[in-house]
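Raw target-v5.txt, compact mmCIF, C-alpha atoms:
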```txt
# COMPACT_ATOMS: atom_id res chain seq x y z
CA MET A 1 21.06 36.58 -16.72
CA ILE A 2 17.61 38.16 -16.69
CA MET A 3 14.29 36.62 -15.67
CA SER A 4 10.92 38.31 -15.85
CA GLY A 5 7.78 37.04 -14.14
CA HIS A 6 5.99 36.64 -10.83
CA PHE A 7 5.71 33.86 -8.22
CA ALA A 8 6.64 31.12 -10.72
CA THR A 9 9.98 32.86 -11.17
CA VAL A 10 10.92 32.05 -7.57
CA PHE A 11 11.35 28.37 -8.23
CA ALA A 12 13.32 28.85 -11.46
CA LEU A 13 15.50 31.30 -9.53
CA VAL A 14 16.19 28.79 -6.76
CA ASN A 15 17.20 26.05 -9.21
CA HIS A 16 19.49 28.38 -11.14
CA LEU A 17 21.22 29.73 -8.07
CA LEU A 18 21.72 26.33 -6.46
CA LEU A 19 23.82 25.37 -9.49
CA GLN A 20 25.96 28.48 -9.08
CA ARG A 21 26.12 28.68 -5.30
CA THR A 22 29.88 28.12 -5.07
CA SER A 23 30.56 31.28 -7.09
CA MET A 24 28.43 33.59 -4.92
CA HIS A 25 30.10 36.27 -2.86
CA VAL A 26 29.44 39.74 -1.52
CA ALA A 27 31.68 42.51 -2.80
CA ALA A 28 32.96 44.96 -0.20
CA LEU A 29 31.57 48.07 -1.82
CA SER A 30 29.24 50.85 -0.70
CA PRO A 31 25.47 50.10 -0.60
CA CYS A 32 24.87 51.53 -4.08
CA GLN A 33 27.98 50.18 -5.80
CA GLU A 34 28.30 46.56 -4.75
CA ILE A 35 28.20 43.57 -7.07
CA ILE A 36 24.86 41.93 -6.36
CA ASP A 37 24.21 38.22 -6.73
CA VAL A 38 20.45 38.66 -7.22
CA ALA A 39 18.83 41.99 -8.13
CA ILE A 40 15.03 42.00 -8.04
CA ILE A 41 13.21 44.83 -9.78
CA GLY A 42 9.92 45.56 -8.00
CA GLY A 43 9.09 45.54 -4.30
CA GLY A 44 5.59 44.09 -4.51
CA PRO A 45 4.61 40.67 -3.12
CA ALA A 46 6.15 38.80 -6.08
CA GLY A 47 9.52 40.51 -5.78
CA LEU A 48 9.61 40.17 -2.00
CA ALA A 49 8.68 36.47 -2.20
CA ALA A 50 11.53 35.96 -4.67
CA ALA A 51 13.89 37.69 -2.22
CA LEU A 52 12.78 35.47 0.65
CA ALA A 53 13.37 32.37 -1.47
CA ALA A 54 16.81 33.53 -2.59
CA LYS A 55 17.90 34.40 0.96
CA ARG A 56 16.73 31.07 2.31
CA VAL A 57 18.44 28.98 -0.38
CA LEU A 58 21.65 30.97 -0.78
CA GLY A 59 22.17 31.94 2.84
CA ASP A 60 23.83 34.96 4.41
CA GLY A 61 26.81 34.76 2.07
CA ALA A 62 24.82 35.88 -0.97
CA SER A 63 23.71 39.44 -1.67
CA VAL A 64 20.02 39.83 -2.58
CA VAL A 65 18.57 43.29 -3.18
CA VAL A 66 15.03 44.39 -4.05
CA PHE A 67 14.79 47.72 -5.89
CA GLU A 68 11.42 49.47 -5.53
CA ARG A 69 10.70 52.72 -7.39
CA SER A 70 8.31 54.14 -4.76
CA PRO A 71 10.11 56.17 -2.07
CA GLU A 72 7.86 54.62 0.59
CA PHE A 73 5.41 51.80 1.09
CA LEU A 74 1.96 53.20 0.36
CA GLU A 75 -1.53 51.98 1.22
CA ILE A 76 -2.44 51.15 -2.36
CA GLY A 77 -3.95 48.23 -4.24
CA GLY A 78 -7.00 46.14 -3.58
CA GLN A 79 -7.61 42.89 -1.80
CA VAL A 80 -5.57 39.74 -2.39
CA GLY A 81 -7.35 36.43 -1.84
CA LEU A 82 -4.95 33.72 -0.68
CA PHE A 83 -6.14 30.12 -0.86
CA GLY A 84 -4.52 26.82 0.15
CA PRO A 85 -2.09 26.62 -2.80
CA ALA A 86 -0.76 30.10 -1.96
CA PHE A 87 0.04 29.01 1.59
CA ASN A 88 1.66 25.84 0.25
CA ALA A 89 3.87 28.12 -1.86
CA LEU A 90 4.71 30.23 1.20
CA ASP A 91 5.67 27.07 3.08
CA ALA A 92 7.94 26.15 0.16
CA LEU A 93 9.64 29.53 0.55
CA ASP A 94 9.96 29.07 4.29
CA PRO A 95 9.40 25.55 5.70
CA SER A 96 9.58 26.93 9.26
CA GLY A 97 6.09 28.42 8.81
CA ILE A 98 7.12 31.91 9.91
CA VAL A 99 6.22 33.50 6.57
CA ASN A 100 2.92 31.65 6.43
CA ALA A 101 1.98 32.73 9.95
CA ALA A 102 2.99 36.37 9.37
CA VAL A 103 0.86 36.66 6.25
CA GLU A 104 -2.14 35.02 7.91
CA GLU A 105 -1.84 37.34 10.91
CA ALA A 106 -1.76 40.41 8.65
CA GLY A 107 -4.88 39.27 6.80
CA ASN A 108 -8.37 38.14 7.67
CA VAL A 109 -9.37 34.50 7.64
CA ARG A 110 -12.49 33.95 5.53
CA LYS A 111 -14.99 31.44 6.96
CA LYS A 112 -17.96 31.65 4.62
CA LEU A 113 -18.63 32.61 1.02
CA ARG A 114 -22.19 33.67 0.15
CA MET A 115 -23.20 33.73 -3.53
CA LEU A 116 -26.16 35.96 -4.42
CA ASN A 117 -27.67 37.07 -7.71
CA ASP A 118 -27.83 40.68 -8.84
CA LYS A 119 -31.16 41.10 -7.04
CA GLY A 120 -29.65 40.10 -3.70
CA VAL A 121 -31.26 36.65 -3.55
CA LEU A 122 -29.05 34.03 -1.90
CA GLU A 123 -28.27 31.18 -4.31
CA ASN A 124 -25.53 29.31 -2.52
CA GLU A 125 -23.21 29.52 0.45
CA MET A 126 -20.25 27.47 1.55
CA ASP A 127 -18.05 27.23 4.58
CA VAL A 128 -14.36 27.69 3.82
CA GLY A 129 -11.20 27.23 5.84
CA VAL A 130 -12.59 24.32 7.83
CA GLY A 131 -11.35 20.77 8.24
CA ALA A 132 -7.92 19.24 8.14
CA ASP A 133 -7.32 19.98 4.46
CA SER A 134 -4.91 22.92 4.30
CA ASN A 135 -6.08 23.68 0.77
CA SER A 136 -9.42 24.84 2.16
CA LYS A 137 -7.90 27.84 3.96
CA GLN A 138 -8.77 31.30 2.63
CA VAL A 139 -7.30 34.58 3.80
CA ALA A 140 -8.25 38.01 2.49
CA ILE A 141 -5.50 40.59 2.86
CA PRO A 142 -5.01 44.10 1.47
CA TRP A 143 -2.26 44.17 -1.15
CA PHE A 144 -0.26 46.71 0.87
CA ALA A 145 -0.56 44.60 4.05
CA LEU A 146 0.79 41.55 2.21
CA GLN A 147 3.64 43.67 0.88
CA ARG A 148 4.56 44.93 4.34
CA ALA A 149 4.26 41.50 5.95
CA LEU A 150 6.76 40.05 3.47
CA ALA A 151 9.10 43.07 3.64
CA ASN A 152 9.28 42.89 7.43
CA LEU A 153 10.61 39.32 7.20
CA LEU A 154 13.64 40.35 5.12
CA PRO A 155 16.91 41.52 6.69
CA SER A 156 17.50 45.25 6.92
CA GLY A 157 18.87 46.74 3.72
CA VAL A 158 17.52 44.11 1.33
CA VAL A 159 14.72 46.41 0.15
CA ARG A 160 15.83 49.73 -1.32
CA LEU A 161 13.09 52.24 -1.85
CA GLY A 162 13.15 55.15 -4.28
CA HIS A 163 14.94 53.28 -7.08
CA GLU A 164 13.35 53.49 -10.52
CA LEU A 165 15.06 51.37 -13.17
CA THR A 166 16.10 53.42 -16.22
CA THR A 167 18.67 51.36 -18.14
CA MET A 168 19.85 47.75 -18.25
CA ASP A 169 22.99 46.63 -20.13
CA GLU A 170 24.14 43.02 -20.52
CA GLU A 171 26.68 43.67 -23.25
CA ALA A 172 29.10 45.99 -21.46
CA CYS A 173 29.23 44.24 -18.12
CA SER A 174 31.77 41.66 -16.95
CA ILE A 175 33.19 40.94 -13.49
CA ASP A 176 36.43 38.94 -13.45
CA GLY A 177 35.40 37.41 -16.76
CA GLU A 178 31.91 36.54 -15.49
CA ASP A 179 28.91 38.00 -17.33
CA CYS A 180 26.70 40.36 -15.40
CA VAL A 181 24.04 43.01 -15.92
CA ALA A 182 24.60 46.74 -15.35
CA LEU A 183 21.52 48.42 -13.88
CA THR A 184 21.00 52.17 -13.63
CA PHE A 185 18.40 53.63 -11.29
CA LYS A 186 16.92 57.07 -10.85
CA GLY A 187 16.62 57.91 -7.15
CA LYS A 188 13.40 59.42 -5.79
CA ASN A 189 14.01 59.79 -2.08
CA ASP A 190 15.69 62.55 -0.11
CA GLY A 191 18.40 60.37 1.37
CA GLU A 192 16.80 59.96 4.78
CA SER A 193 17.09 56.48 6.24
CA ASN A 194 14.14 54.17 6.77
CA GLU A 195 13.58 50.76 8.29
CA VAL A 196 14.16 48.81 5.09
CA GLY A 197 17.09 50.79 3.67
CA THR A 198 17.44 53.51 1.06
CA CYS A 199 20.09 54.91 -1.23
CA SER A 200 20.36 58.69 -1.53
CA GLU A 201 22.08 59.05 -4.94
CA THR A 202 20.12 60.78 -7.67
CA GLU A 203 21.44 58.19 -10.14
CA THR A 204 22.80 54.81 -9.10
CA THR A 205 24.50 52.04 -11.08
CA CYS A 206 24.65 48.51 -9.73
CA HIS A 207 25.95 45.27 -11.22
CA ALA A 208 24.17 41.96 -10.80
CA ARG A 209 24.74 38.36 -11.74
CA LEU A 210 21.03 37.62 -11.95
CA VAL A 211 18.14 40.05 -12.50
CA ILE A 212 14.49 39.21 -11.85
CA GLY A 213 11.77 41.45 -13.24
CA ALA A 214 8.85 41.56 -10.80
CA ASP A 215 7.75 45.11 -11.49
CA GLY A 216 4.11 44.61 -12.32
CA ASN A 217 1.89 44.85 -15.36
CA LEU A 218 3.70 47.95 -16.64
CA SER A 219 7.11 46.33 -16.31
CA GLN A 220 10.07 48.56 -17.09
CA THR A 221 12.24 45.43 -17.09
CA ARG A 222 10.12 43.97 -19.88
CA ALA A 223 10.16 47.25 -21.80
CA LEU A 224 13.96 47.48 -21.65
CA LEU A 225 14.32 43.88 -22.79
CA PHE A 226 11.72 43.76 -25.54
CA GLY A 227 10.86 47.37 -26.39
CA GLU A 228 8.37 49.97 -25.16
CA LYS A 229 5.41 48.39 -26.97
CA GLU A 230 5.79 45.28 -24.83
CA LYS A 231 5.48 47.39 -21.68
CA PHE A 232 1.74 47.58 -22.04
CA PRO A 233 -0.34 44.48 -21.30
CA SER A 234 -3.16 43.42 -23.59
CA TYR A 235 -6.50 44.82 -22.49
CA ALA A 236 -8.60 42.09 -20.87
CA GLY A 237 -11.90 43.84 -21.53
CA SER A 238 -13.11 44.80 -18.06
CA ALA A 239 -12.88 47.57 -15.48
CA ILE A 240 -12.52 47.02 -11.74
CA TRP A 241 -13.46 49.36 -8.89
CA ARG A 242 -11.68 48.64 -5.60
CA MET A 243 -12.67 50.49 -2.46
CA PHE A 244 -11.76 50.41 1.23
CA VAL A 245 -14.20 52.02 3.65
CA TYR A 246 -13.11 52.94 7.17
CA GLY A 247 -15.25 53.74 10.18
CA ALA A 248 -18.63 52.71 8.74
CA GLU A 249 -20.77 49.67 9.47
CA PHE A 250 -22.68 47.77 6.78
CA GLU A 251 -25.75 46.28 8.42
CA GLY A 252 -26.00 42.51 8.32
CA LEU A 253 -22.44 41.81 7.19
CA GLU A 254 -20.71 39.55 9.68
CA PRO A 255 -16.93 39.29 10.08
CA ALA A 256 -15.17 36.59 8.01
CA ILE A 257 -18.05 36.40 5.52
CA MET A 258 -17.90 37.61 1.94
CA ASN A 259 -21.03 38.42 -0.05
CA VAL A 260 -20.61 38.03 -3.81
CA TYR A 261 -23.36 39.30 -6.15
CA THR A 262 -23.30 38.23 -9.81
CA GLY A 263 -25.48 38.91 -12.83
CA ASP A 264 -25.40 40.35 -16.34
CA GLY A 265 -21.71 39.50 -16.65
CA LYS A 266 -20.84 41.65 -13.63
CA VAL A 267 -19.54 40.88 -10.14
CA LEU A 268 -19.97 42.95 -6.96
CA ALA A 269 -18.54 41.84 -3.61
CA ILE A 270 -18.26 43.17 -0.06
CA GLN A 271 -16.33 41.86 2.93
CA ARG A 272 -15.21 43.10 6.32
CA MET A 273 -11.42 43.17 6.72
CA GLY A 274 -10.46 44.09 10.26
CA ASP A 275 -11.21 47.77 10.81
CA ARG A 276 -12.27 48.33 7.19
CA LEU A 277 -14.77 47.15 4.63
CA TYR A 278 -13.64 46.09 1.19
CA ILE A 279 -15.92 46.59 -1.81
CA VAL A 280 -15.03 45.52 -5.34
CA GLY A 281 -16.92 45.60 -8.60
CA GLN A 282 -15.95 44.21 -11.99
CA ALA A 283 -17.73 44.72 -15.30
CA GLY A 284 -16.97 44.74 -18.99
CA TRP A 285 -15.77 48.03 -20.42
CA PRO A 286 -15.40 48.86 -24.15
CA GLU A 287 -11.83 49.30 -25.26
CA ASP A 288 -12.74 52.35 -27.33
CA GLU A 289 -13.95 54.06 -24.14
CA LEU A 290 -10.79 53.56 -22.10
CA SER A 291 -10.03 57.25 -22.39
CA VAL A 292 -12.78 58.06 -19.88
CA LEU A 293 -11.08 55.94 -17.23
CA ASP A 294 -7.80 56.59 -15.41
CA ARG A 295 -5.87 55.03 -18.27
CA ARG A 296 -3.33 57.74 -18.97
CA ARG A 297 -0.54 55.30 -18.19
CA TYR A 298 -1.90 52.79 -20.74
CA VAL A 299 -3.43 54.90 -23.49
CA GLY A 300 -1.69 58.24 -23.11
CA GLU A 301 1.86 56.88 -23.17
CA GLU A 302 1.09 54.82 -26.25
CA ASP A 303 -0.21 57.66 -28.41
CA GLY A 304 1.90 60.40 -26.85
CA ASN A 305 -1.10 62.30 -25.53
CA ASP A 306 -2.87 62.68 -22.22
CA SER A 307 -5.71 60.35 -23.20
CA GLY A 308 -8.23 60.96 -20.49
CA GLY A 309 -5.84 61.62 -17.64
CA ARG A 310 -7.04 61.29 -14.10
CA SER A 311 -10.70 61.67 -13.30
CA THR A 312 -12.00 62.72 -9.90
CA ASN A 313 -13.10 60.34 -7.20
CA ALA A 314 -16.68 61.58 -7.61
CA GLU A 315 -16.56 60.70 -11.32
CA ARG A 316 -15.23 57.23 -10.58
CA LEU A 317 -17.97 56.60 -8.04
CA GLU A 318 -20.58 57.93 -10.46
CA ARG A 319 -19.43 55.39 -13.08
CA PHE A 320 -19.53 52.67 -10.45
CA ALA A 321 -23.09 53.54 -9.42
CA LYS A 322 -24.26 53.65 -13.03
CA THR A 323 -22.59 50.34 -13.91
CA PHE A 324 -24.15 48.55 -10.95
CA ALA A 325 -27.53 50.26 -11.02
CA GLY A 326 -29.28 46.89 -11.29
CA PHE A 327 -27.55 45.45 -8.21
CA PRO A 328 -28.65 45.74 -4.54
CA GLN A 329 -28.67 49.45 -3.90
CA ASP A 330 -27.85 49.15 -0.22
CA VAL A 331 -24.37 47.97 -1.24
CA VAL A 332 -23.95 50.45 -4.09
CA LYS A 333 -25.22 53.43 -2.09
CA PHE A 334 -23.07 52.46 0.89
CA ALA A 335 -19.97 52.51 -1.30
CA VAL A 336 -20.84 55.85 -2.89
CA ASP A 337 -21.71 57.47 0.44
CA HIS A 338 -18.73 56.27 2.43
CA CYS A 339 -15.82 55.63 0.10
CA GLU A 340 -13.17 58.34 0.04
CA THR A 341 -11.07 56.76 -2.70
CA ALA A 342 -12.09 54.39 -5.49
```
As structure tokens, what does this structure read like?
Amino acid sequence: MIMSGHFATVFALVNHLLLQRTSMHVAALSPCQEIIDVAIIGGGPAGLAAALAAKRVLGDGASVVVFERSPEFLEIGGQVGLFGPAFNALDALDPSGIVNAAVEEAGNVRKKLRMLNDKGVLENEMDVGVGADSNSKQVAIPWFALQRALANLLPSGVVRLGHELTTMDEEACSIDGEDCVALTFKGKNDGESNEVGTCSETETTCHARLVIGADGNLSQTRALLFGEKEKFPSYAGSAIWRMFVYGAEFEGLEPAIMNVYTGDGKVLAIQRMGDRLYIVGQAGWPEDELSVLDRRRYVGEEDGNDSGGRSTNAERLERFAKTFAGFPQDVVKFAVDHCETA
């Protein structure tokens, strides 16, 4: 059985596995050859949350494995804003509150949201995360910090890094008369051990009773199921710049406060997150000009050419400054002067 999706998949997974719990077992095979009860493709927050749910519901007797193509956890991605419903979902995954507390500790509690126009004039502000209502809580957390917080809560060996899914076969797989899915992975690591477990084979085949695709917007799981054309998401019409700045102070920005500037269909925001500042800008971008962005993975793979490829950081920041030329220049110039990667 194969499921593809994100956090909503967790609850469908739990219901499905509860019905089949009596048939679950762990085969006594080597780490890269065992029969897996639940194989999760993608080691981001969605895949890790699914693993936490499966381990809680099925217990120690079930085998749950997360396959992540990256050979290591990297400091990538932007900010994730978690509101009350997200923490309610985390409590559903783990009623003890351990997951909830770990994620909150890894992030930064937001206390105030300030809304300004594109000239920097304050139009509204609201206190958040106050009162008895748990739905008012807001936590800002880097994507990679959320990933690591969830991964650290899983038993050793559940997450296997350096595994890129290459093939998936439902037709030729059966275990004692029970249908399963054969998964083949291309290994990317050098075989050295790490704290969450690795597999050193160059090519690995595993068998699973249930497969969950949680491998992002360029899902290989989706491509294998429905064809390569379905691998690419529909273009939503906008470009986003995400930047973390370390070791620099932005005058007047207090901790736990986020400034959001809006105007002309664009959004620019800045917030302090622990020892770093997070800056994000979003604006419309013409689809016929995608080739000037870092869209090789979207455009180039579709037409078979290197459509634009990777631009330099200076070029990305130049586009950012031009796009937000009408916004408060203290924010824009601060980002351009201090950001090493956009």
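Among the candidates A:Gln138, A:Asn152, A:Ser70, A:Gln220, the residue lying nearest to A:Leu52 is A:Asn152 (atoms considered: all atoms listed in the file).
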Checklist line | Test item: which residues lie within 10 Å of (9.4, 42.6, 4.2) counting all atoms listed in the file, as a ChimeraX atom specification | finding: /A:43-45,48-49,51-52,99,146-156,158-159,196
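Note that atom CA of A:Phe83 and atom CA of A:Arg114 are 16.5 Å apart.
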Note to self: Which residues are near A:Leu116? Cut-off 8 Å, all atoms listed in the file, ignore same chain within fewer than 2 positions. Put them as a ChimeraX atom specification.
What the structure shows: /A:114,118-124,259-262
Please identify every residue of stretch 38-108 of chain A that has at least one atom no farther than 12 Å from an atom of stretch 226-244 of chain A, counting all atoms listed in the file, and for each give the shortest atom pair and the distance in Å to one decimal, arranged by chain then increasing number, as a Markdown table.
```
| residue | atom | partner | partner_atom | distance |
| --- | --- | --- | --- | --- |
| A:Glu75 | CA | A:Phe244 | CA | 10.3 |
| A:Ile76 | CA | A:Phe244 | CA | 10.0 |
| A:Gly77 | CA | A:Arg242 | CA | 7.9 |
| A:Gly78 | CA | A:Arg242 | CA | 5.7 |
| A:Gln79 | CA | A:Arg242 | CA | 8.0 |
| A:Val80 | CA | A:Arg242 | CA | 11.3 |
```
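The interatomic distance for the pair atom CA of A:Ala86 and atom CA of A:Asn100 works out to 9.3 Å.
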Could you check which residues have any atom within 10 Å of (-4.4, 33.1, -1.0), counting all atoms listed in the file with coordinates taken straight from the file, and then list them as a PDB file with C-alpha atoms, in the frame of the given file?
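Output (part_9.pdb):
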```
ATOM      1  CA  VAL A  80      -5.570  39.740  -2.390  1.00  0.00           C
ATOM      2  CA  GLY A  81      -7.350  36.430  -1.840  1.00  0.00           C
ATOM      3  CA  LEU A  82      -4.950  33.720  -0.680  1.00  0.00           C
ATOM      4  CA  PHE A  83      -6.140  30.120  -0.860  1.00  0.00           C
ATOM      5  CA  GLY A  84      -4.520  26.820   0.150  1.00  0.00           C
ATOM      6  CA  PRO A  85      -2.090  26.620  -2.800  1.00  0.00           C
ATOM      7  CA  ALA A  86      -0.760  30.100  -1.960  1.00  0.00           C
ATOM      8  CA  PHE A  87       0.040  29.010   1.590  1.00  0.00           C
ATOM      9  CA  ASN A  88       1.660  25.840   0.250  1.00  0.00           C
ATOM     10  CA  ALA A  89       3.870  28.120  -1.860  1.00  0.00           C
ATOM     11  CA  LEU A  90       4.710  30.230   1.200  1.00  0.00           C
ATOM     12  CA  VAL A 103       0.860  36.660   6.250  1.00  0.00           C
ATOM     13  CA  GLU A 104      -2.140  35.020   7.910  1.00  0.00           C
ATOM     14  CA  GLY A 107      -4.880  39.270   6.800  1.00  0.00           C
ATOM     15  CA  ASN A 135      -6.080  23.680   0.770  1.00  0.00           C
ATOM     16  CA  LYS A 137      -7.900  27.840   3.960  1.00  0.00           C
ATOM     17  CA  GLN A 138      -8.770  31.300   2.630  1.00  0.00           C
ATOM     18  CA  VAL A 139      -7.300  34.580   3.800  1.00  0.00           C
ATOM     19  CA  ALA A 140      -8.250  38.010   2.490  1.00  0.00           C
ATOM     20  CA  ILE A 141      -5.500  40.590   2.860  1.00  0.00           C
TER      21      ILE A 141
END
```
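Residue nearest A:Leu224, chosen from A:Leu74, A:Leu165, A:Val109, A:Val38 and counting all atoms listed in the file: A:Leu165.
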